[in-house]
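All remarks here apply to the structure that follows.
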Amino acid sequence: MRRRGLIFAAPVGLALLGAAATGLLPSGAMSEIPETIAPERRDVARTVTATAELLPAREVEVGAQVSGQLSRLLVAEGDRVEAGQLLAEIDPRRAAAELLRAEAALAALAAEIRVAEEQAGMAARQHERLARLGARGVSAPAAIEDAASQRAIAEARLHVLEAQKRQAEAALETAQINLQNTRILAPIAGTVTQVMARQGQVLNATNTAPPILRLADLSEMRLRAELSEADVWRVRPGQPAWFTVIGADERRWEGRLAAIQPEAVPNRDTVFFHGHFVVPNPDGALRSRMSAQVFFVLEESRGALALPLAALRRGGRAGREDAVAVLQPDGRFAWQPVTLGARDEVHVAVLAGLSPEARIAARADRVR
C-alpha cells in the first residue's frame, strides 16, 4: 500500500513542475496560484469625515419686550405660521395706562408752553417799548435793563418747556411701542420648534427679553460640522460635501462648504473649527438639532473602474509606474501600467490602462 501511494504521487508532482517550467504559474508562486478579481464600477472618493449638527438656516427666538402676564398663547410646537401672524399676547392694561399717562403729560406741557409763549411775547414787547422811550430820553436805563432781563428769563423758560415737550413726545412714542409689543407677532414665516413660556406666566422684561418661543424656517437647513485641527487644513470653502443622518443611512444630502469659522471652539478634550453649509429641505425630512456624519470630498472619481488597494503595485522608485497584475491567456500574469484616480481606505479608481473584462491578481504582493 505504501508503494502504491508513491506511485500515484509522482505524476502529480511532475505535473506541477511541468506547469511551472512552461509559465502557467507565476514565478515564485508554485505552491499557490494568486486569487484573481475583476474591476468593478463604483464611486471612489477621498474624504475628510466629521460629526455635525443640523440647524435651521433661519431661526429666531421670539421674546417679550414688555413685562406683564402672558394672557394668551395662540400657537403650539409644530405649528406653521406666517410672517406677521399673532403668536401671543401680554396683558395690555399696564401698557395702556402708561400710554394714557404719557399723553396727559404731553398735553400738560403743551398748555404750559402756550402760557410761556405768551409771557415771553409780553416781555419782548415791554422791553422793546422801554428801549424806544429810552432812545428819546424818557425811560430810565435801569428800567430798560430790567425789562431785558425779564425777556431773557421768559425766553429761557420757554426753551426749557420745549425741551421737556420733546422728552414727553419720546415717552409717548415709547408707550405706544410698548402697547404694540404686548401683541407678539411672527417676525418670519416658519415653524414653531419650541415653546418656552406658558399661558398665565408673568414675564419680566426689565433687563432682558424673556423668551416665549423659537421660530424656524425649515425649508433650508444649515449643517454645522466640527472640523479637527488636523483636518481644517485639508478643506476649503467651495469644496463638495455630503452627509447622512441616523436612521436614513441609505439617503445622502449634498452641498458645498460655504465657510469655516475663523476662531477655534475649545472643547474639554480637543479643539475644533465649525464648518457651515446649507442644503434644501423641501420635504421636511431634516429636523433641527439632528446629528449627522458629514464627508468633505477632497478627491472623487464617479463611475470609474475600481480595484482594492491590495491589487495595486505602487510605482515608488523612479521610472516605475503604478501597475496591476493582469492574468494572460497562457495563465501567467503581466504587469499593466495604470493611471489612477481617487482612492479611499479600501479602493482605488483606475482611469486608464485597464479593461473591464480583465482579471487582476487580488494581491499584488503575491505576484513576482
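Just so we're on the same page: first chain in the C-alpha cells is A, next is B, and so on; residues restart at 1 for each chain, and ligands are numbered from 1 in the order they show up.
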Please, which residues of segment 22-241 of chain A, numbered as in this document, come out alpha helix (DSSP H) from DSSP, as a count of residues only? 84
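Among the candidate residues A:Gln126, A:Gln119, A:Gln180, A:Gln194, the one lying nearest to Ile153 of chain A is A:Gln119, with distances computed using only C-alpha atoms.
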Each residue of segment 42-110 of chain A with at least one atom at most 9 Å from segment 302-316 of chain A should appear once, together with its nearest atom pair and the corresponding distance in Å (one decimal); atoms considered: only C-alpha atoms; ordering: chain, then increasing residue number; output as a tab-separated table.
```
residue	atom	partner	partner_atom	distance
A:Arg42	CA	A:Gly303	CA	4.8
A:Asp43	CA	A:Arg302	CA	4.2
A:Val44	CA	A:Arg302	CA	6.3
A:Ala45	CA	A:Arg302	CA	8.1
```
Produce a file of the selected residues containing N, CA and C atoms, as a tab-separated table (two decimals), in the first residue's frame.
```
chain	number	residue	atom	x	y	z
A	42	ARG	N	-17.73	51.82	-9.66
A	42	ARG	CA	-18.20	52.38	-8.40
A	42	ARG	C	-17.67	53.80	-8.25
A	43	ASP	N	-18.24	54.53	-7.30
A	43	ASP	CA	-17.74	55.86	-6.95
A	43	ASP	C	-16.67	55.70	-5.88
A	44	VAL	N	-15.55	56.37	-6.09
A	44	VAL	CA	-14.45	56.32	-5.13
A	44	VAL	C	-14.11	57.76	-4.75
A	45	ALA	N	-14.01	58.01	-3.46
A	45	ALA	CA	-13.73	59.37	-3.00
A	45	ALA	C	-12.80	59.34	-1.80
```
Leaving out Leu213 of chain A and any residue of its chain fewer than 3 positions from it, which residues lie within 9 Å of it when counting only C-alpha atoms, given as a list in words? Val60, Glu61, Val62, Gly63, Glu77, Val192, Thr193, Gln194, Val195, Met196 and Ala197 of chain A
Go ahead and write the residues just picked, all heavy atoms, as a PDB file, in the first residue's frame.
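For reference, out26.pdb as written:
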```
ATOM      1  N   VAL A  60     -35.259  82.203  14.737  1.00  0.00           N
ATOM      2  CA  VAL A  60     -35.454  83.393  15.570  1.00  0.00           C
ATOM      3  C   VAL A  60     -36.026  82.961  16.907  1.00  0.00           C
ATOM      4  O   VAL A  60     -36.978  82.163  16.960  1.00  0.00           O
ATOM      5  CB  VAL A  60     -36.416  84.401  14.894  1.00  0.00           C
ATOM      6  CG1 VAL A  60     -36.634  85.609  15.800  1.00  0.00           C
ATOM      7  CG2 VAL A  60     -35.877  84.842  13.553  1.00  0.00           C
ATOM      8  N   GLU A  61     -35.454  83.492  17.977  1.00  0.00           N
ATOM      9  CA  GLU A  61     -36.024  83.300  19.307  1.00  0.00           C
ATOM     10  C   GLU A  61     -36.899  84.506  19.610  1.00  0.00           C
ATOM     11  O   GLU A  61     -36.418  85.633  19.687  1.00  0.00           O
ATOM     12  CB  GLU A  61     -34.922  83.153  20.353  1.00  0.00           C
ATOM     13  CG  GLU A  61     -35.437  82.706  21.710  1.00  0.00           C
ATOM     14  CD  GLU A  61     -34.315  82.347  22.663  1.00  0.00           C
ATOM     15  OE1 GLU A  61     -33.778  83.280  23.288  1.00  0.00           O
ATOM     16  OE2 GLU A  61     -33.970  81.158  22.769  1.00  0.00           O
ATOM     17  N   VAL A  62     -38.181  84.278  19.731  1.00  0.00           N
ATOM     18  CA  VAL A  62     -39.156  85.346  19.943  1.00  0.00           C
ATOM     19  C   VAL A  62     -39.351  85.538  21.436  1.00  0.00           C
ATOM     20  O   VAL A  62     -39.683  84.585  22.156  1.00  0.00           O
ATOM     21  CB  VAL A  62     -40.498  85.014  19.261  1.00  0.00           C
ATOM     22  CG1 VAL A  62     -41.495  86.152  19.456  1.00  0.00           C
ATOM     23  CG2 VAL A  62     -40.281  84.733  17.778  1.00  0.00           C
ATOM     24  N   GLY A  63     -39.136  86.778  21.914  1.00  0.00           N
ATOM     25  CA  GLY A  63     -39.237  87.062  23.334  1.00  0.00           C
ATOM     26  C   GLY A  63     -40.173  88.219  23.623  1.00  0.00           C
ATOM     27  O   GLY A  63     -40.687  88.887  22.715  1.00  0.00           O
ATOM     28  N   GLU A  77     -46.053  73.884  19.589  1.00  0.00           N
ATOM     29  CA  GLU A  77     -44.895  73.362  18.869  1.00  0.00           C
ATOM     30  C   GLU A  77     -45.341  72.569  17.642  1.00  0.00           C
ATOM     31  O   GLU A  77     -46.271  71.770  17.702  1.00  0.00           O
ATOM     32  CB  GLU A  77     -44.059  72.477  19.799  1.00  0.00           C
ATOM     33  CG  GLU A  77     -43.384  73.263  20.907  1.00  0.00           C
ATOM     34  CD  GLU A  77     -42.608  72.379  21.879  1.00  0.00           C
ATOM     35  OE1 GLU A  77     -42.687  71.150  21.723  1.00  0.00           O
ATOM     36  OE2 GLU A  77     -41.949  72.925  22.785  1.00  0.00           O
ATOM     37  N   VAL A 192     -43.008  76.653  14.518  1.00  0.00           N
ATOM     38  CA  VAL A 192     -42.710  76.792  15.946  1.00  0.00           C
ATOM     39  C   VAL A 192     -41.995  75.521  16.387  1.00  0.00           C
ATOM     40  O   VAL A 192     -42.586  74.438  16.429  1.00  0.00           O
ATOM     41  CB  VAL A 192     -44.000  76.999  16.759  1.00  0.00           C
ATOM     42  CG1 VAL A 192     -43.673  77.113  18.249  1.00  0.00           C
ATOM     43  CG2 VAL A 192     -44.739  78.241  16.276  1.00  0.00           C
ATOM     44  N   THR A 193     -40.696  75.647  16.674  1.00  0.00           N
ATOM     45  CA  THR A 193     -39.912  74.474  17.045  1.00  0.00           C
ATOM     46  C   THR A 193     -39.848  74.256  18.553  1.00  0.00           C
ATOM     47  O   THR A 193     -39.584  73.140  18.998  1.00  0.00           O
ATOM     48  CB  THR A 193     -38.486  74.586  16.500  1.00  0.00           C
ATOM     49  OG1 THR A 193     -37.872  75.796  16.997  1.00  0.00           O
ATOM     50  CG2 THR A 193     -38.493  74.640  14.971  1.00  0.00           C
ATOM     51  N   GLN A 194     -40.080  75.303  19.332  1.00  0.00           N
ATOM     52  CA  GLN A 194     -40.047  75.140  20.791  1.00  0.00           C
ATOM     53  C   GLN A 194     -40.829  76.271  21.444  1.00  0.00           C
ATOM     54  O   GLN A 194     -40.742  77.425  21.016  1.00  0.00           O
ATOM     55  CB  GLN A 194     -38.600  75.149  21.308  1.00  0.00           C
ATOM     56  CG  GLN A 194     -38.475  74.855  22.793  1.00  0.00           C
ATOM     57  CD  GLN A 194     -37.026  74.854  23.262  1.00  0.00           C
ATOM     58  OE1 GLN A 194     -36.112  75.107  22.490  1.00  0.00           O
ATOM     59  NE2 GLN A 194     -36.818  74.569  24.529  1.00  0.00           N
ATOM     60  N   VAL A 195     -41.601  75.938  22.473  1.00  0.00           N
ATOM     61  CA  VAL A 195     -42.324  76.927  23.273  1.00  0.00           C
ATOM     62  C   VAL A 195     -41.714  76.918  24.666  1.00  0.00           C
ATOM     63  O   VAL A 195     -41.672  75.877  25.327  1.00  0.00           O
ATOM     64  CB  VAL A 195     -43.823  76.611  23.330  1.00  0.00           C
ATOM     65  CG1 VAL A 195     -44.533  77.584  24.259  1.00  0.00           C
ATOM     66  CG2 VAL A 195     -44.437  76.672  21.935  1.00  0.00           C
ATOM     67  N   MET A 196     -41.199  78.082  25.097  1.00  0.00           N
ATOM     68  CA  MET A 196     -40.510  78.157  26.385  1.00  0.00           C
ATOM     69  C   MET A 196     -41.350  78.781  27.497  1.00  0.00           C
ATOM     70  O   MET A 196     -40.988  78.698  28.665  1.00  0.00           O
ATOM     71  CB  MET A 196     -39.210  78.950  26.236  1.00  0.00           C
ATOM     72  CG  MET A 196     -38.138  78.207  25.453  1.00  0.00           C
ATOM     73  SD  MET A 196     -38.251  78.500  23.692  1.00  0.00           S
ATOM     74  CE  MET A 196     -37.292  79.996  23.549  1.00  0.00           C
ATOM     75  N   ALA A 197     -42.450  79.456  27.160  1.00  0.00           N
ATOM     76  CA  ALA A 197     -43.293  80.097  28.172  1.00  0.00           C
ATOM     77  C   ALA A 197     -44.678  79.464  28.152  1.00  0.00           C
ATOM     78  O   ALA A 197     -45.053  78.782  27.193  1.00  0.00           O
ATOM     79  CB  ALA A 197     -43.386  81.596  27.902  1.00  0.00           C
TER      80      ALA A 197
END
```
Have a look at atom CA of Leu215 of chain A and atom CA of Trp253 of chain A and let me know their distance in Å, one decimal.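 It comes out at 23.7 Å.
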Those in segment 105-216 of chain A with strand (DSSP E) from DSSP, as a VMD selection string: chain A and resid 183 to 185 190 to 195 202 to 203 211 to 216
Go ahead and save the residues from that selection, with C-alpha atoms, as an mmCIF file, in the first residue's frame.
```cif
data_model
loop_
_atom_site.group_PDB
_atom_site.id
_atom_site.type_symbol
_atom_site.label_atom_id
_atom_site.label_comp_id
_atom_site.auth_asym_id
_atom_site.auth_seq_id
_atom_site.Cartn_x
_atom_site.Cartn_y
_atom_site.Cartn_z
ATOM 1 C CA ARG A 183 -49.014 91.652 20.792
ATOM 2 C CA ILE A 184 -46.259 89.167 19.855
ATOM 3 C CA LEU A 185 -46.100 88.840 16.057
ATOM 4 C CA GLY A 190 -41.728 79.265 9.685
ATOM 5 C CA THR A 191 -42.462 76.508 12.167
ATOM 6 C CA VAL A 192 -42.710 76.792 15.946
ATOM 7 C CA THR A 193 -39.912 74.474 17.045
ATOM 8 C CA GLN A 194 -40.047 75.140 20.791
ATOM 9 C CA VAL A 195 -42.324 76.927 23.273
ATOM 10 C CA VAL A 202 -45.588 86.577 34.377
ATOM 11 C CA LEU A 203 -42.718 87.796 32.215
ATOM 12 C CA PRO A 211 -38.021 84.004 25.535
ATOM 13 C CA ILE A 212 -41.513 82.830 24.640
ATOM 14 C CA LEU A 213 -40.890 80.522 21.679
ATOM 15 C CA ARG A 214 -38.430 79.614 18.949
ATOM 16 C CA LEU A 215 -39.430 80.020 15.312
ATOM 17 C CA ALA A 216 -37.512 78.463 12.409
#
```
Within 7 Å of Gln239 of chain A using only C-alpha atoms, minus same-chain residues under 4 positions, as a VMD selection string: chain A and resid 235 256 to 257 296 to 297
Trp335 of chain A environment, 7 Å, only C-alpha atoms, sequence neighbours closer than 5 positions dropped, as an MDAnalysis selection string: chainID A and resid 323:326
